[in-house]
Amino acid sequence: MQQDAERWKAWLRGIVRDAPLHARWLNTLSLLEHIGSRKIVKALDSDTLDLQLLQHIAEEARHAFFFKRLSERVAAGACPTYEAPYVLSASASRAYIQGLDREVHDYLQRQGALPQEAARASMLAYLVVTTLIEERATAMYALYEEVLREVDSPLSLRSVLNEEDRHLQEMHEAFARFEGFAWPLHAPTLRQTEAQLFEAWLVSLEREHPARPSQGSKRSESYTSPC
């Protein structure tokens, strides 16, 4: 795990030193948060939405805006949309989250774990996919925050990290609504599936923009004001 973390941080160190690339990376994170927000809306029955779910939807959409705004601060006008030229490894980035959605649904179906009622089946799939993504995002954003502090960046992900931690707690509590589904029993297999998809994404990112040797922790002059 430590080796993987250092590998990820090495790649991030190269990205944050290049303002146009950093802007595209932030835009890529914005895209993934946007896709996640849309998937939540599409997966859940609007009649069953409660305050907590609405808050989660709103915060995921706000995270997409948050990263988009940081992208603009790093390099104004560099990433106006989510079109491929403005996203790092566009196809692989989309494939990570879309593939996870598909793999989780297929796994739950093979295990006979999906409730017969369509709305509850969608809810369970949403909980599982979101839990896996929140776990990855929490770990990834924490490493990213470390790198930002290393280079004395004015950017910070602390507010997003706090919300991701709370989302994870809410997901784990929500599993209790599904009698007969034991998340700890399924988690190891599903986490391995997510890890394989994440590895494919990281390999694509590394291939497109290989990590460069560190040049110290000097703050980039491309940054503007703190978020």
# chains A, B, ... in the order shown; residues from 1 in each chain; ligands from 1
$ closest_atom_pairs --of "region 67-180 of chain A" --to "region 11-35 of chain A" --cutoff "7 Å" --atoms "only C-alpha atoms" --output "JSON lines"
{"residue": "A:Phe67", "atom": "CA", "partner": "A:Ser30", "partner_atom": "CA", "distance": 4.9}
{"residue": "A:Lys68", "atom": "CA", "partner": "A:Asn27", "partner_atom": "CA", "distance": 5.4}
{"residue": "A:Leu70", "atom": "CA", "partner": "A:Leu26", "partner_atom": "CA", "distance": 6.8}
{"residue": "A:Ser71", "atom": "CA", "partner": "A:Ala23", "partner_atom": "CA", "distance": 4.3}
{"residue": "A:Glu72", "atom": "CA", "partner": "A:Ala23", "partner_atom": "CA", "distance": 6.9}
{"residue": "A:Val74", "atom": "CA", "partner": "A:Ala23", "partner_atom": "CA", "distance": 5.7}
{"residue": "A:Ala75", "atom": "CA", "partner": "A:Ala23", "partner_atom": "CA", "distance": 5.8}
{"residue": "A:Ala78", "atom": "CA", "partner": "A:Pro20", "partner_atom": "CA", "distance": 6.7}
{"residue": "A:Cys79", "atom": "CA", "partner": "A:Arg24", "partner_atom": "CA", "distance": 6.4}
{"residue": "A:Tyr82", "atom": "CA", "partner": "A:Leu31", "partner_atom": "CA", "distance": 6.4}
{"residue": "A:Tyr86", "atom": "CA", "partner": "A:Arg24", "partner_atom": "CA", "distance": 5.5}
{"residue": "A:Val87", "atom": "CA", "partner": "A:Thr28", "partner_atom": "CA", "distance": 5.0}
{"residue": "A:Leu88", "atom": "CA", "partner": "A:Trp25", "partner_atom": "CA", "distance": 6.0}
{"residue": "A:Tyr144", "atom": "CA", "partner": "A:Leu12", "partner_atom": "CA", "distance": 6.9}
{"residue": "A:Val147", "atom": "CA", "partner": "A:Arg13", "partner_atom": "CA", "distance": 6.3}
$ select_by_dssp --residues "chain A" --states "alpha helix (DSSP H)" --output "PyMOL selection string"
chain A and resi 2-16+19-43+51-74+90-110+118-150+158-174+183-208
$ closest_residue --among "A:Arg62, A:Glu83, A:Ala95, A:Arg38" --to "Trp201 (chain A)" --atoms "only C-alpha atoms"
A:Ala95
$ atom_distance --atom1 "CA of Leu132 (chain A)" --atom2 "CA of Arg191 (chain A)"
6.7 Å
$ atom_distance --atom1 "CA of Gln111 (chain A)" --atom2 "CA of Ser37 (chain A)"
26.5 Å
$ residues_around --residues "Phe198 (chain A)" --least-positions-apart "5" --cutoff "9 Å" --atoms "only C-alpha atoms" --output "PyMOL selection string"
chain A and resi 96-97+136+193+203
$ closest_residue --among "A:Gln98, A:Thr130, A:Ser159, A:Thr189" --to "Ile40 (chain A)" --atoms "only C-alpha atoms"
A:Thr130
$ atom_distance --atom1 "CA of Thr138 (chain A)" --atom2 "CA of His167 (chain A)"
10.0 Å
$ closest_atom_pairs --of "region 52-109 of chain A" --to "region 124-127 of chain A" --cutoff "9 Å" --atoms "only C-alpha atoms" --output "tab-separated table"
residue	atom	partner	partner_atom	distance
A:Asp101	CA	A:Ala125	CA	8.1
A:Val104	CA	A:Ala125	CA	7.0
A:His105	CA	A:Ala125	CA	6.2
A:Leu108	CA	A:Ala125	CA	7.7
$ write_last_selection --atoms "N, CA and C atoms" --output "PDB file, in the first residue's frame"
ATOM      1  N   ASP A 101     -19.449   0.782 -12.037  1.00  0.00           N
ATOM      2  CA  ASP A 101     -20.906   0.687 -11.972  1.00  0.00           C
ATOM      3  C   ASP A 101     -21.375  -0.645 -12.550  1.00  0.00           C
ATOM      4  N   VAL A 104     -20.086  -3.831 -10.417  1.00  0.00           N
ATOM      5  CA  VAL A 104     -20.814  -3.997  -9.155  1.00  0.00           C
ATOM      6  C   VAL A 104     -22.191  -4.587  -9.406  1.00  0.00           C
ATOM      7  N   HIS A 105     -22.894  -4.054 -10.397  1.00  0.00           N
ATOM      8  CA  HIS A 105     -24.233  -4.571 -10.691  1.00  0.00           C
ATOM      9  C   HIS A 105     -24.159  -6.050 -11.076  1.00  0.00           C
ATOM     10  N   LEU A 108     -23.420  -8.200  -7.890  1.00  0.00           N
ATOM     11  CA  LEU A 108     -24.586  -8.340  -7.011  1.00  0.00           C
ATOM     12  C   LEU A 108     -25.628  -9.269  -7.625  1.00  0.00           C
TER      13      LEU A 108
END
$ closest_residue --among "A:Ala92, A:Leu202, A:Ala64, A:Ala43" --to "Ala5 (chain A)" --atoms "only C-alpha atoms"
A:Leu202
$ closest_residue --among "A:Val128, A:Ile133, A:Ala76, A:Ala10" --to "Leu197 (chain A)" --atoms "only C-alpha atoms"
A:Ile133
$ closest_residue --among "A:Arg149, A:His56, A:Arg110, A:Arg158" --to "Glu134 (chain A)" --atoms "only C-alpha atoms"
A:His56
$ closest_residue --among "A:Leu100, A:Ala58, A:Leu143, A:Leu49" --to "Ala195 (chain A)" --atoms "only C-alpha atoms"
A:Leu100
